[in-house]
Amino acid sequence: MAKVIVMDHPLIQHKLSILRDENTGTNQFRGIVSEIAMLMIYDATRDLPLETVLVKTPIAVAECKKISGKTLAFVPILRAGLGMVDGAINLVPAAKIGHIGLYRDEETLQPVEYFCKLPKDIEHRDVFVLDPMLATGGSAIDAITQIKKRNPLSIKFLCIIAAPEGLKALQAAHPDVDIICAGLDSHLNENGYIVPGLGDAGDRIFGTK
């Protein structure tokens, strides 16, 4: 079974409290989502392998470390996942970016796919799937299923807030995928929203609420 990591770093928890506040405006909300994503990527890449290289400094030759042969891809689930991309590529600017478009049917709460565009060399890349919310888990499960068809080296799923129902569903569907989140909330309400949550992440990121 893959790992489930709930990040307890004080900076992330502080920023998460700002996201939850209903009085946080669109511009600040968007910026905080990006900042949290950056902090999460920083921690989620801690297991990348390193190799030793020699670097000539102005003084002498230094024995240094660099990432060994790892190429990454970030795949946001549209549209809310776009809010996490800038923070991710600020840390890993060489990463490629794919996109998977899904929306939730308001009656069935099931994901409906309308777009999928992934890097052509994804089989040589470690993939980080980005989506601020893991509610029922349907969108994450479908997105990861689509990515697996292209045989990437590995997949990790990053979300800011998860519900226990979505966490359980994603683990059952993809037990080999690590799940990393900034907060694990109480439950889903009758409309499929995370409680206490932060509302509709896409609406709050793009100002369409």
# chains A, B, ... in the order shown; residues from 1 in each chain; ligands from 1
call {"tool": "residues_around", "arguments": {"residues": "Val55 in chain A", "least_positions_apart": "6", "cutoff": "10 Å", "atoms": "only C-alpha atoms", "output": "VMD selection string"}}
result
chain A and resid 61 to 65
call {"tool": "residues_around", "arguments": {"residues": "range 93-101 of chain A", "least_positions_apart": "2", "cutoff": "7 Å", "atoms": "only C-alpha atoms", "output": "mmCIF file with C-alpha atoms, in the first residue's frame"}}
result
data_model
loop_
_atom_site.group_PDB
_atom_site.id
_atom_site.type_symbol
_atom_site.label_atom_id
_atom_site.label_comp_id
_atom_site.auth_asym_id
_atom_site.auth_seq_id
_atom_site.Cartn_x
_atom_site.Cartn_y
_atom_site.Cartn_z
ATOM 1 C CA THR A 71 12.386 14.072 -15.136
ATOM 2 C CA LEU A 72 9.069 15.268 -13.734
ATOM 3 C CA ALA A 73 5.634 16.121 -15.049
ATOM 4 C CA PHE A 74 2.869 18.044 -13.315
ATOM 5 C CA VAL A 75 -0.683 17.188 -14.362
ATOM 6 C CA PRO A 76 -3.368 19.494 -12.934
ATOM 7 C CA ILE A 77 -6.966 18.344 -13.028
ATOM 8 C CA LEU A 78 -8.866 21.189 -14.687
ATOM 9 C CA ARG A 79 -9.816 23.595 -13.663
ATOM 10 C CA ILE A 89 7.011 24.967 -11.578
ATOM 11 C CA ASN A 90 8.608 27.718 -9.495
ATOM 12 C CA LEU A 91 10.518 24.903 -7.821
ATOM 13 C CA TYR A 103 -16.186 18.103 -14.337
ATOM 14 C CA GLU A 113 -13.850 13.708 -18.819
ATOM 15 C CA TYR A 114 -13.687 16.296 -21.604
ATOM 16 C CA PHE A 115 -9.938 16.793 -22.186
ATOM 17 C CA CYS A 116 -6.663 14.873 -21.800
ATOM 18 C CA LYS A 117 -3.282 16.122 -23.064
ATOM 19 C CA LEU A 118 -0.124 14.633 -21.562
ATOM 20 C CA PRO A 119 3.595 14.941 -22.373
ATOM 21 C CA ALA A 143 -7.337 11.134 -13.973
#
call {"tool": "closest_residue", "arguments": {"among": "A:Val33, A:Leu170, A:Leu54, A:Leu39", "to": "Ala135 in chain A", "atoms": "only C-alpha atoms"}}
result
A:Leu170
call {"tool": "closest_residue", "arguments": {"among": "A:Lys56, A:Arg20, A:Lys66, A:Lys3", "to": "Gly197 in chain A", "atoms": "only C-alpha atoms"}}
result
A:Arg20
call {"tool": "select_by_dssp", "arguments": {"residues": "range 49-177 of chain A", "states": "alpha helix (DSSP H)", "output": "ChimeraX atom specification"}}
result
/A:85-91,138-148,164-173
call {"tool": "write_last_selection", "arguments": {"atoms": "N, CA and C atoms", "output": "short mmCIF file (atom, residue, chain, number, x, y, z; two decimals), in the first residue's frame"}}
result
data_model
loop_
_atom_site.label_atom_id
_atom_site.label_comp_id
_atom_site.auth_asym_id
_atom_site.auth_seq_id
_atom_site.Cartn_x
_atom_site.Cartn_y
_atom_site.Cartn_z
N VAL A 85 -0.26 24.95 -10.24
CA VAL A 85 0.83 24.75 -11.21
C VAL A 85 1.96 25.75 -11.01
N ASP A 86 1.64 27.04 -10.86
CA ASP A 86 2.70 28.04 -10.74
C ASP A 86 3.63 27.74 -9.57
N GLY A 87 3.07 27.37 -8.44
CA GLY A 87 3.90 27.05 -7.29
C GLY A 87 4.80 25.86 -7.55
N ALA A 88 4.27 24.86 -8.29
CA ALA A 88 5.05 23.67 -8.60
C ALA A 88 6.21 23.98 -9.53
N ILE A 89 5.95 24.72 -10.60
CA ILE A 89 7.01 24.97 -11.58
C ILE A 89 7.99 26.04 -11.10
N ASN A 90 7.63 26.82 -10.09
CA ASN A 90 8.61 27.72 -9.50
C ASN A 90 9.76 26.94 -8.90
N LEU A 91 9.47 25.75 -8.39
CA LEU A 91 10.52 24.90 -7.82
C LEU A 91 11.17 24.03 -8.87
N GLY A 138 -13.65 10.68 -7.22
CA GLY A 138 -13.94 10.26 -8.58
C GLY A 138 -13.02 10.88 -9.62
N SER A 139 -12.80 12.19 -9.52
CA SER A 139 -11.96 12.87 -10.50
C SER A 139 -10.51 12.38 -10.42
N ALA A 140 -10.00 12.24 -9.21
CA ALA A 140 -8.62 11.77 -9.03
C ALA A 140 -8.45 10.36 -9.57
N ILE A 141 -9.42 9.49 -9.29
CA ILE A 141 -9.35 8.10 -9.76
C ILE A 141 -9.35 8.05 -11.28
N ASP A 142 -10.23 8.82 -11.90
CA ASP A 142 -10.32 8.82 -13.36
C ASP A 142 -9.05 9.40 -13.99
N ALA A 143 -8.54 10.51 -13.42
CA ALA A 143 -7.34 11.13 -13.97
C ALA A 143 -6.15 10.19 -13.89
N ILE A 144 -5.98 9.54 -12.76
CA ILE A 144 -4.85 8.63 -12.59
C ILE A 144 -4.99 7.42 -13.50
N THR A 145 -6.23 6.95 -13.69
CA THR A 145 -6.46 5.84 -14.63
C THR A 145 -6.00 6.22 -16.03
N GLN A 146 -6.33 7.42 -16.47
CA GLN A 146 -5.91 7.88 -17.79
C GLN A 146 -4.39 7.98 -17.90
N ILE A 147 -3.75 8.49 -16.85
CA ILE A 147 -2.29 8.63 -16.87
C ILE A 147 -1.61 7.27 -16.88
N LYS A 148 -2.15 6.31 -16.14
CA LYS A 148 -1.54 4.98 -16.09
C LYS A 148 -1.52 4.29 -17.45
N PRO A 164 -12.19 11.95 4.12
CA PRO A 164 -11.92 10.52 4.35
C PRO A 164 -12.53 9.63 3.28
N GLU A 165 -13.72 10.01 2.77
CA GLU A 165 -14.37 9.19 1.75
C GLU A 165 -13.54 9.15 0.47
N GLY A 166 -13.02 10.30 0.06
CA GLY A 166 -12.21 10.36 -1.14
C GLY A 166 -10.88 9.65 -0.98
N LEU A 167 -10.30 9.81 0.19
CA LEU A 167 -9.03 9.14 0.50
C LEU A 167 -9.19 7.63 0.41
N LYS A 168 -10.25 7.11 1.00
CA LYS A 168 -10.51 5.68 0.98
C LYS A 168 -10.75 5.18 -0.45
N ALA A 169 -11.52 5.93 -1.21
CA ALA A 169 -11.84 5.52 -2.59
C ALA A 169 -10.59 5.52 -3.46
N LEU A 170 -9.76 6.55 -3.32
CA LEU A 170 -8.54 6.63 -4.14
C LEU A 170 -7.56 5.53 -3.77
N GLN A 171 -7.43 5.25 -2.48
CA GLN A 171 -6.53 4.17 -2.06
C GLN A 171 -7.00 2.82 -2.60
N ALA A 172 -8.32 2.61 -2.60
CA ALA A 172 -8.85 1.34 -3.09
C ALA A 172 -8.64 1.19 -4.59
N ALA A 173 -8.81 2.28 -5.33
CA ALA A 173 -8.69 2.22 -6.78
C ALA A 173 -7.24 2.19 -7.25
#
call {"tool": "atom_distance", "arguments": {"atom1": "CA of Met133 in chain A", "atom2": "CA of Cys159 in chain A"}}
result
5.6 Å
call {"tool": "residues_around", "arguments": {"residues": "Glu35 in chain A", "least_positions_apart": "2", "cutoff": "12 Å", "atoms": "only C-alpha atoms", "output": "ChimeraX atom specification"}}
result
/A:11-16,18-19,28-33,37-42,83-91,160,182
call {"tool": "write_last_selection", "arguments": {"atoms": "N, CA and C atoms", "output": "mmCIF file, in the first residue's frame"}}
result
data_model
loop_
_atom_site.group_PDB
_atom_site.id
_atom_site.type_symbol
_atom_site.label_atom_id
_atom_site.label_comp_id
_atom_site.auth_asym_id
_atom_site.auth_seq_id
_atom_site.Cartn_x
_atom_site.Cartn_y
_atom_site.Cartn_z
ATOM 1 N N LEU A 11 4.027 26.393 8.396
ATOM 2 C CA LEU A 11 3.734 27.344 7.329
ATOM 3 C C LEU A 11 2.528 26.909 6.509
ATOM 4 N N ILE A 12 2.449 25.613 6.217
ATOM 5 C CA ILE A 12 1.316 25.104 5.447
ATOM 6 C C ILE A 12 0.029 25.239 6.241
ATOM 7 N N GLN A 13 0.077 24.886 7.518
ATOM 8 C CA GLN A 13 -1.129 24.964 8.338
ATOM 9 C C GLN A 13 -1.603 26.403 8.508
ATOM 10 N N HIS A 14 -0.660 27.330 8.637
ATOM 11 C CA HIS A 14 -1.027 28.744 8.744
ATOM 12 C C HIS A 14 -1.714 29.218 7.465
ATOM 13 N N LYS A 15 -1.141 28.873 6.314
ATOM 14 C CA LYS A 15 -1.715 29.298 5.041
ATOM 15 C C LYS A 15 -3.058 28.622 4.782
ATOM 16 N N LEU A 16 -3.205 27.396 5.250
ATOM 17 C CA LEU A 16 -4.470 26.694 5.087
ATOM 18 C C LEU A 16 -5.595 27.403 5.849
ATOM 19 N N ILE A 18 -5.900 30.541 6.197
ATOM 20 C CA ILE A 18 -6.299 31.689 5.386
ATOM 21 C C ILE A 18 -7.209 31.233 4.243
ATOM 22 N N LEU A 19 -6.885 30.099 3.629
ATOM 23 C CA LEU A 19 -7.727 29.572 2.549
ATOM 24 C C LEU A 19 -9.132 29.267 3.032
ATOM 25 N N GLN A 28 -5.844 36.905 -3.086
ATOM 26 C CA GLN A 28 -5.091 36.305 -1.992
ATOM 27 C C GLN A 28 -5.264 34.792 -1.982
ATOM 28 N N PHE A 29 -6.456 34.326 -2.234
ATOM 29 C CA PHE A 29 -6.731 32.892 -2.252
ATOM 30 C C PHE A 29 -5.850 32.218 -3.305
ATOM 31 N N ARG A 30 -5.823 32.794 -4.497
ATOM 32 C CA ARG A 30 -5.031 32.231 -5.592
ATOM 33 C C ARG A 30 -3.554 32.181 -5.216
ATOM 34 N N GLY A 31 -3.060 33.242 -4.602
ATOM 35 C CA GLY A 31 -1.654 33.282 -4.207
ATOM 36 C C GLY A 31 -1.317 32.257 -3.144
ATOM 37 N N ILE A 32 -2.214 32.076 -2.183
ATOM 38 C CA ILE A 32 -1.963 31.118 -1.106
ATOM 39 C C ILE A 32 -1.994 29.687 -1.634
ATOM 40 N N VAL A 33 -2.902 29.382 -2.554
ATOM 41 C CA VAL A 33 -2.929 28.048 -3.166
ATOM 42 C C VAL A 33 -1.581 27.748 -3.822
ATOM 43 N N ALA A 37 1.135 24.880 -2.701
ATOM 44 C CA ALA A 37 1.594 23.898 -3.687
ATOM 45 C C ALA A 37 3.114 23.844 -3.731
ATOM 46 N N MET A 38 3.773 25.000 -3.677
ATOM 47 C CA MET A 38 5.218 25.038 -3.694
ATOM 48 C C MET A 38 5.802 24.312 -2.480
ATOM 49 N N LEU A 39 5.239 24.571 -1.319
ATOM 50 C CA LEU A 39 5.720 23.906 -0.112
ATOM 51 C C LEU A 39 5.484 22.398 -0.171
ATOM 52 N N MET A 40 4.362 21.991 -0.745
ATOM 53 C CA MET A 40 4.064 20.568 -0.848
ATOM 54 C C MET A 40 5.008 19.869 -1.827
ATOM 55 N N ILE A 41 5.293 20.515 -2.965
ATOM 56 C CA ILE A 41 6.216 19.936 -3.935
ATOM 57 C C ILE A 41 7.613 19.821 -3.334
ATOM 58 N N TYR A 42 8.003 20.814 -2.571
ATOM 59 C CA TYR A 42 9.310 20.784 -1.900
ATOM 60 C C TYR A 42 9.452 19.515 -1.067
ATOM 61 N N GLY A 83 -4.537 26.119 -10.327
ATOM 62 C CA GLY A 83 -4.083 27.017 -9.268
ATOM 63 C C GLY A 83 -2.823 26.552 -8.570
ATOM 64 N N MET A 84 -2.479 25.266 -8.707
ATOM 65 C CA MET A 84 -1.307 24.717 -8.042
ATOM 66 C C MET A 84 -0.084 24.677 -8.959
ATOM 67 N N VAL A 85 -0.261 24.946 -10.243
ATOM 68 C CA VAL A 85 0.830 24.754 -11.209
ATOM 69 C C VAL A 85 1.962 25.751 -11.015
ATOM 70 N N ASP A 86 1.638 27.042 -10.860
ATOM 71 C CA ASP A 86 2.698 28.041 -10.742
ATOM 72 C C ASP A 86 3.631 27.740 -9.571
ATOM 73 N N GLY A 87 3.069 27.369 -8.437
ATOM 74 C CA GLY A 87 3.899 27.045 -7.286
ATOM 75 C C GLY A 87 4.799 25.859 -7.552
ATOM 76 N N ALA A 88 4.270 24.864 -8.289
ATOM 77 C CA ALA A 88 5.054 23.668 -8.595
ATOM 78 C C ALA A 88 6.209 23.985 -9.530
ATOM 79 N N ILE A 89 5.946 24.721 -10.602
ATOM 80 C CA ILE A 89 7.011 24.967 -11.578
ATOM 81 C C ILE A 89 7.992 26.038 -11.101
ATOM 82 N N ASN A 90 7.629 26.823 -10.093
ATOM 83 C CA ASN A 90 8.608 27.718 -9.495
ATOM 84 C C ASN A 90 9.763 26.935 -8.898
ATOM 85 N N LEU A 91 9.473 25.754 -8.387
ATOM 86 C CA LEU A 91 10.518 24.903 -7.821
ATOM 87 C C LEU A 91 11.174 24.026 -8.872
ATOM 88 N N ILE A 160 -4.766 19.786 -1.513
ATOM 89 C CA ILE A 160 -4.655 20.633 -0.332
ATOM 90 C C ILE A 160 -5.540 20.104 0.785
ATOM 91 N N ALA A 182 -2.520 18.585 2.549
ATOM 92 C CA ALA A 182 -2.202 19.542 3.606
ATOM 93 C C ALA A 182 -3.180 19.440 4.773
#
call {"tool": "atom_distance", "arguments": {"atom1": "CA of Thr136 in chain A", "atom2": "CA of Thr24 in chain A"}}
result
25.0 Å
call {"tool": "residues_around", "arguments": {"residues": "Gly69 in chain A", "least_positions_apart": "5", "cutoff": "9 Å", "atoms": "only C-alpha atoms", "output": "mmCIF file with all heavy atoms, in the first residue's frame"}}
result
data_model
loop_
_atom_site.group_PDB
_atom_site.id
_atom_site.type_symbol
_atom_site.label_atom_id
_atom_site.label_comp_id
_atom_site.auth_asym_id
_atom_site.auth_seq_id
_atom_site.Cartn_x
_atom_site.Cartn_y
_atom_site.Cartn_z
ATOM 1 N N PRO A 49 16.428 10.753 -6.242
ATOM 2 C CA PRO A 49 17.812 10.286 -6.071
ATOM 3 C C PRO A 49 18.822 11.347 -6.508
ATOM 4 O O PRO A 49 18.549 12.159 -7.410
ATOM 5 C CB PRO A 49 17.878 9.053 -6.971
ATOM 6 C CG PRO A 49 16.858 9.300 -8.024
ATOM 7 C CD PRO A 49 15.748 10.044 -7.337
ATOM 8 N N LEU A 50 19.978 11.330 -5.877
ATOM 9 C CA LEU A 50 21.039 12.275 -6.182
ATOM 10 C C LEU A 50 22.269 11.541 -6.705
ATOM 11 O O LEU A 50 22.485 10.368 -6.397
ATOM 12 C CB LEU A 50 21.423 13.067 -4.927
ATOM 13 C CG LEU A 50 20.349 13.978 -4.326
ATOM 14 C CD1 LEU A 50 20.813 14.527 -2.980
ATOM 15 C CD2 LEU A 50 20.007 15.111 -5.269
ATOM 16 N N GLU A 51 23.061 12.256 -7.484
ATOM 17 C CA GLU A 51 24.348 11.729 -7.909
ATOM 18 C C GLU A 51 25.414 12.777 -7.637
ATOM 19 O O GLU A 51 25.125 13.979 -7.539
ATOM 20 C CB GLU A 51 24.342 11.356 -9.387
ATOM 21 C CG GLU A 51 24.110 12.510 -10.332
ATOM 22 C CD GLU A 51 24.058 12.068 -11.777
ATOM 23 O OE1 GLU A 51 23.388 11.051 -12.064
ATOM 24 O OE2 GLU A 51 24.672 12.745 -12.619
#
call {"tool": "select_by_dssp", "arguments": {"residues": "range 125-194 of chain A", "states": "strand (DSSP E)", "output": "list of chain:residue names"}}
result
A:Asp126, A:Val127, A:Phe128, A:Val129, A:Leu130, A:Met133, A:Leu134, A:Ser154, A:Ile155, A:Lys156, A:Phe157, A:Leu158, A:Cys159, A:Ile160, A:Ile161, A:Ala162, A:Asp178, A:Ile179, A:Ile180, A:Cys181, A:Ala182, A:Gly183, A:Leu184, A:His187, A:Leu188, A:Ile194
call {"tool": "residues_around", "arguments": {"residues": "Ala163 in chain A", "least_positions_apart": "4", "cutoff": "8 Å", "atoms": "only C-alpha atoms", "output": "compact mmCIF listing (two decimals) with all heavy atoms, in the first residue's frame"}}
result
# COMPACT_ATOMS: atom_id res chain seq x y z
N LEU A 134 -9.78 16.70 -2.67
CA LEU A 134 -10.09 15.28 -2.86
C LEU A 134 -11.37 15.01 -2.10
O LEU A 134 -11.37 14.80 -0.89
CB LEU A 134 -8.94 14.40 -2.34
CG LEU A 134 -9.15 12.89 -2.43
CD1 LEU A 134 -9.29 12.44 -3.89
CD2 LEU A 134 -8.00 12.14 -1.76
N ALA A 135 -12.49 15.08 -2.81
CA ALA A 135 -13.81 14.96 -2.18
C ALA A 135 -14.31 13.51 -2.28
O ALA A 135 -13.99 12.67 -1.45
CB ALA A 135 -14.79 15.94 -2.81
N THR A 136 -15.07 13.19 -3.33
CA THR A 136 -15.52 11.80 -3.51
C THR A 136 -14.39 10.92 -4.03
O THR A 136 -14.44 9.70 -3.89
CB THR A 136 -16.68 11.73 -4.52
OG1 THR A 136 -16.21 12.19 -5.80
CG2 THR A 136 -17.84 12.61 -4.07
N LEU A 167 -10.30 9.81 0.19
CA LEU A 167 -9.03 9.14 0.50
C LEU A 167 -9.19 7.63 0.41
O LEU A 167 -8.38 6.94 -0.23
CB LEU A 167 -8.58 9.55 1.90
CG LEU A 167 -7.12 9.34 2.26
CD1 LEU A 167 -6.21 10.17 1.39
CD2 LEU A 167 -6.91 9.67 3.73
N LEU A 184 -6.69 16.90 6.32
CA LEU A 184 -7.67 15.83 6.22
C LEU A 184 -8.89 16.24 7.03
O LEU A 184 -8.81 16.36 8.26
CB LEU A 184 -7.09 14.51 6.73
CG LEU A 184 -8.03 13.30 6.69
CD1 LEU A 184 -8.50 13.00 5.28
CD2 LEU A 184 -7.33 12.08 7.29
N ASP A 185 -10.01 16.48 6.36
CA ASP A 185 -11.19 17.02 7.01
C ASP A 185 -12.13 15.93 7.51
O ASP A 185 -11.83 14.74 7.43
CB ASP A 185 -11.90 17.99 6.06
CG ASP A 185 -11.25 19.37 6.08
OD1 ASP A 185 -10.16 19.51 6.66
OD2 ASP A 185 -11.84 20.31 5.53
N SER A 186 -13.30 16.35 7.99
CA SER A 186 -14.22 15.47 8.70
C SER A 186 -14.99 14.52 7.79
O SER A 186 -14.94 13.30 7.95
CB SER A 186 -15.20 16.31 9.52
OG SER A 186 -16.21 15.52 10.09
N HIS A 187 -15.70 15.08 6.79
CA HIS A 187 -16.60 14.24 5.99
C HIS A 187 -17.11 15.04 4.79
O HIS A 187 -16.81 16.23 4.65
CB HIS A 187 -17.78 13.76 6.83
CG HIS A 187 -18.68 14.87 7.31
ND1 HIS A 187 -18.35 15.69 8.37
CD2 HIS A 187 -19.88 15.32 6.85
CE1 HIS A 187 -19.32 16.58 8.55
NE2 HIS A 187 -20.25 16.38 7.64
N LEU A 188 -17.90 14.38 3.95
CA LEU A 188 -18.61 15.03 2.87
C LEU A 188 -20.05 15.29 3.29
O LEU A 188 -20.66 14.45 3.97
CB LEU A 188 -18.61 14.16 1.61
CG LEU A 188 -17.26 13.84 0.95
CD1 LEU A 188 -17.48 12.91 -0.23
CD2 LEU A 188 -16.57 15.11 0.52
N ILE A 194 -16.65 18.98 0.87
CA ILE A 194 -15.86 18.64 2.05
C ILE A 194 -16.23 19.56 3.20
O ILE A 194 -16.36 20.77 3.03
CB ILE A 194 -14.35 18.75 1.74
CG1 ILE A 194 -13.97 17.80 0.60
CG2 ILE A 194 -13.53 18.45 2.98
CD1 ILE A 194 -12.53 17.94 0.14
N VAL A 195 -16.40 18.97 4.39
CA VAL A 195 -16.74 19.71 5.61
C VAL A 195 -15.57 19.58 6.60
O VAL A 195 -15.11 18.47 6.87
CB VAL A 195 -18.03 19.15 6.25
CG1 VAL A 195 -18.37 19.89 7.53
CG2 VAL A 195 -19.20 19.23 5.26
call {"tool": "atom_distance", "arguments": {"atom1": "CA of Ile5 in chain A", "atom2": "CA of Ile155 in chain A"}}
result
14.4 Å
call {"tool": "closest_residue", "arguments": {"among": "A:Asp8, A:Glu22, A:Asp178, A:Glu123", "to": "Ala201 in chain A", "atoms": "only C-alpha atoms"}}
result
A:Glu22
call {"tool": "closest_residue", "arguments": {"among": "A:Leu198, A:Ile59, A:Ala80, A:Ile180", "to": "Thr45 in chain A", "atoms": "only C-alpha atoms"}}
result
A:Ile180
